[in-house]
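**Q** Pasting a structure below so you can have a look.
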Amino acid sequence: RFQPQFYLSLFTTTSYPTMKTTAALIATLACGSTTAFAPSNTFSRQSNTALNLKVGETAPDFSLVDQNDKTFTRSKNKKPLVVYFYPADATPGCTAQAKAFQEEIQTIRKQYKADVVGISGQGAESKQKFATELGLDFSILADEGDAVRKEFGVPKAAFGFLPGRVTYVLDKAGVCTSVYDNLTDAASHIEAAKDALDAMVPAKKAGGFSLPF
């Protein structure tokens with residue numbers, strides 16, 4: 001059973017003197033437990049934070065290489081786009097999140113005429129291995145040095161020790177319509193993204209008179 005008081009107490013003892021050791025312990029706990037360091041509140045589909053790209057703002061432009069060594073440029077994309085930042089390739093939560101998006105990618109493309117990109121700080125080689133293992137057919141982008149993460153202002157998680165897991169939904173013009181921040185429930189990001197895409201679909205006009213034959 002996870003006992004946060006116990007683990008937090010370890011951080012103040014002399015047996016864990018370095019920042020690196022503390023960060024490693026937090027990373028292990030966060031990746032191995034779905035309840036460890038659960039956020040006090042989860043940002044709603046239409047919410048934002050002081051650090052985040054805000055709803056209504058245009059997303060920064062960027063160009064990053066994906067698992068197939070192809071360059072994806074945000075400004076060249078002319079359809080709605082789900083941009084999800086995740087901590088690291090091949091961790092349990094990030095694997096579950098990638099699988100969830102893969103299961104829905106065809107629906108996202110066909111029903112919403114949108115696409116998905118995932119972004120984390122590992123290099124193209126790591127992306128290729130991760131995508132191959134999961135059979136991903138959407139782009140996961142190598143943001144080495146976390147330059148794009150910083151441009152989006154993605155807030156950190158787990159007391160600032162881990163890269164955050166945040167999903168942004170952009171419209172055709174690159175304007176942010178939704179921000180969803182949840183480190184521990186990785187799979188929930190797909191439903192948050194679909195809800196935001198649903199909200200972007202124009203309401204159908206009431207049909208006129210039609211003949212019954």
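Letters for chains follow the order of the structure tokens (A, B, ...), residue numbers begin at 1 for each chain, and ligand numbers begin at 1 in the order shown.
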For Phe152 in chain A, work out the shell of residues within 10 Å, counting only C-alpha atoms and skipping chain neighbours fewer than 2 positions away, then give it as a PyMOL selection string.

**A** chain A and resi 51-54+59-61+85+147-150+154-155+168

**Q** Using only N, CA, C and O atoms, please write the residues we just selected to a file, as a PDB file, in the first residue's frame.

**A**
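Wrote it out as part.pdb, contents follow:
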ATOM      1  N   LEU A  51       1.248  29.009 -16.008  1.00  0.00           N
ATOM      2  CA  LEU A  51       2.394  28.571 -16.795  1.00  0.00           C
ATOM      3  C   LEU A  51       1.981  28.094 -18.180  1.00  0.00           C
ATOM      4  O   LEU A  51       2.725  28.237 -19.147  1.00  0.00           O
ATOM      5  N   ASN A  52       0.821  27.498 -18.278  1.00  0.00           N
ATOM      6  CA  ASN A  52       0.390  26.891 -19.537  1.00  0.00           C
ATOM      7  C   ASN A  52       0.150  27.887 -20.649  1.00  0.00           C
ATOM      8  O   ASN A  52      -0.220  29.028 -20.410  1.00  0.00           O
ATOM      9  N   LEU A  53       0.310  27.394 -21.882  1.00  0.00           N
ATOM     10  CA  LEU A  53      -0.344  28.037 -23.009  1.00  0.00           C
ATOM     11  C   LEU A  53      -1.821  28.118 -22.642  1.00  0.00           C
ATOM     12  O   LEU A  53      -2.419  27.133 -22.221  1.00  0.00           O
ATOM     13  N   LYS A  54      -2.409  29.270 -22.803  1.00  0.00           N
ATOM     14  CA  LYS A  54      -3.783  29.462 -22.360  1.00  0.00           C
ATOM     15  C   LYS A  54      -4.783  29.214 -23.487  1.00  0.00           C
ATOM     16  O   LYS A  54      -4.476  29.394 -24.658  1.00  0.00           O
ATOM     17  N   ALA A  59      -0.729  28.616 -30.313  1.00  0.00           N
ATOM     18  CA  ALA A  59       0.383  27.783 -29.866  1.00  0.00           C
ATOM     19  C   ALA A  59       1.680  28.210 -30.543  1.00  0.00           C
ATOM     20  O   ALA A  59       1.671  28.659 -31.695  1.00  0.00           O
ATOM     21  N   PRO A  60       2.796  28.061 -29.855  1.00  0.00           N
ATOM     22  CA  PRO A  60       4.085  28.364 -30.483  1.00  0.00           C
ATOM     23  C   PRO A  60       4.303  27.473 -31.707  1.00  0.00           C
ATOM     24  O   PRO A  60       3.857  26.320 -31.732  1.00  0.00           O
ATOM     25  N   ASP A  61       4.976  28.020 -32.699  1.00  0.00           N
ATOM     26  CA  ASP A  61       5.342  27.184 -33.838  1.00  0.00           C
ATOM     27  C   ASP A  61       6.549  26.342 -33.452  1.00  0.00           C
ATOM     28  O   ASP A  61       7.363  26.756 -32.620  1.00  0.00           O
ATOM     29  N   PHE A  85       2.048  16.286 -24.321  1.00  0.00           N
ATOM     30  CA  PHE A  85       3.382  16.184 -23.750  1.00  0.00           C
ATOM     31  C   PHE A  85       3.368  15.083 -22.693  1.00  0.00           C
ATOM     32  O   PHE A  85       2.454  15.039 -21.859  1.00  0.00           O
ATOM     33  N   ALA A 147      13.019  22.178 -25.504  1.00  0.00           N
ATOM     34  CA  ALA A 147      12.793  23.551 -25.967  1.00  0.00           C
ATOM     35  C   ALA A 147      11.314  23.830 -26.234  1.00  0.00           C
ATOM     36  O   ALA A 147      10.796  24.883 -25.850  1.00  0.00           O
ATOM     37  N   VAL A 148      10.633  22.881 -26.897  1.00  0.00           N
ATOM     38  CA  VAL A 148       9.217  23.089 -27.210  1.00  0.00           C
ATOM     39  C   VAL A 148       8.375  23.013 -25.943  1.00  0.00           C
ATOM     40  O   VAL A 148       7.433  23.798 -25.760  1.00  0.00           O
ATOM     41  N   ARG A 149       8.709  22.094 -25.068  1.00  0.00           N
ATOM     42  CA  ARG A 149       8.010  21.999 -23.779  1.00  0.00           C
ATOM     43  C   ARG A 149       8.080  23.342 -23.053  1.00  0.00           C
ATOM     44  O   ARG A 149       7.084  23.814 -22.482  1.00  0.00           O
ATOM     45  N   LYS A 150       9.244  23.965 -23.077  1.00  0.00           N
ATOM     46  CA  LYS A 150       9.408  25.251 -22.401  1.00  0.00           C
ATOM     47  C   LYS A 150       8.619  26.352 -23.105  1.00  0.00           C
ATOM     48  O   LYS A 150       8.069  27.238 -22.450  1.00  0.00           O
ATOM     49  N   VAL A 154       4.753  24.126 -20.319  1.00  0.00           N
ATOM     50  CA  VAL A 154       4.130  22.955 -19.687  1.00  0.00           C
ATOM     51  C   VAL A 154       4.563  22.886 -18.221  1.00  0.00           C
ATOM     52  O   VAL A 154       5.756  22.818 -17.925  1.00  0.00           O
ATOM     53  N   PRO A 155       3.619  22.911 -17.285  1.00  0.00           N
ATOM     54  CA  PRO A 155       3.994  22.863 -15.867  1.00  0.00           C
ATOM     55  C   PRO A 155       4.565  21.505 -15.484  1.00  0.00           C
ATOM     56  O   PRO A 155       4.171  20.477 -16.031  1.00  0.00           O
ATOM     57  N   TYR A 168      -2.849  19.454 -25.050  1.00  0.00           N
ATOM     58  CA  TYR A 168      -3.428  20.670 -25.617  1.00  0.00           C
ATOM     59  C   TYR A 168      -4.165  20.295 -26.899  1.00  0.00           C
ATOM     60  O   TYR A 168      -3.668  19.494 -27.693  1.00  0.00           O
TER      61      TYR A 168
END

**Q** I'd like the contact shell of range 134-137 of chain A - 12 Å cut-off, only C-alpha atoms, skipping same-chain residues fewer than 6 positions apart - returned as a VMD selection string.

**A** chain A and resid 66 to 68 89 to 90 94 to 106 109 115 to 118 127 to 128

**Q** Using only C-alpha atoms, please write the residues we just selected to a file, as a tab-separated table (two decimals), in the first residue's frame.

**A**
chain	number	residue	atom	x	y	z
A	66	ASP	CA	9.43	12.01	-35.35
A	67	GLN	CA	10.10	8.28	-35.09
A	68	ASN	CA	10.32	7.98	-38.88
A	89	ASP	CA	9.17	6.88	-23.61
A	90	ALA	CA	8.40	3.34	-22.43
A	94	CYS	CA	3.30	6.85	-21.04
A	95	THR	CA	2.86	3.44	-22.63
A	96	ALA	CA	-0.79	3.32	-21.52
A	97	GLN	CA	-1.32	6.84	-22.85
A	98	ALA	CA	0.23	6.07	-26.25
A	99	LYS	CA	-1.84	2.89	-26.55
A	100	ALA	CA	-5.02	4.83	-25.76
A	101	PHE	CA	-4.31	7.36	-28.50
A	102	GLN	CA	-3.38	4.60	-30.94
A	103	GLU	CA	-6.70	2.86	-30.33
A	104	GLU	CA	-8.58	6.06	-31.19
A	105	ILE	CA	-6.34	7.56	-33.89
A	106	GLN	CA	-8.52	6.44	-36.80
A	109	ARG	CA	-8.76	11.33	-38.13
A	115	ASP	CA	-4.42	14.47	-35.93
A	116	VAL	CA	-2.27	13.69	-32.89
A	117	VAL	CA	1.37	14.24	-31.96
A	118	GLY	CA	3.09	13.20	-28.75
A	127	LYS	CA	11.04	7.41	-30.32
A	128	GLN	CA	11.60	4.86	-33.08

**Q** I need the residues in range 55-136 of chain A that are alpha helix (DSSP H) according to DSSP; give them as a ChimeraX atom specification.

**A** /A:92-111,124-134

**Q** Could you tell me how far CA of Leu183 in chain A sits from CA of Pro92 in chain A, in Å to one decimal place?

**A**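 So the two atoms, CA of Pro92 in chain A and CA of Leu183 in chain A, lie 11.8 Å apart.
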
**Q** For the atom pair CA of Leu141 in chain A and CA of Glu57 in chain A, what is the interatomic distance in Å to one decimal place?

**A**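 Between CA of Leu141 in chain A and CA of Glu57 in chain A the gap is 22.1 Å.
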
**Q** Can you list, as a VMD selection string, all residues belonging to range 58-205 of chain A that DSSP tags as strand (DSSP E or B)?

**A** chain A and resid 58 63 to 66 71 to 73 81 to 85 115 to 120 139 to 142 157 162 166 to 170 175 to 181
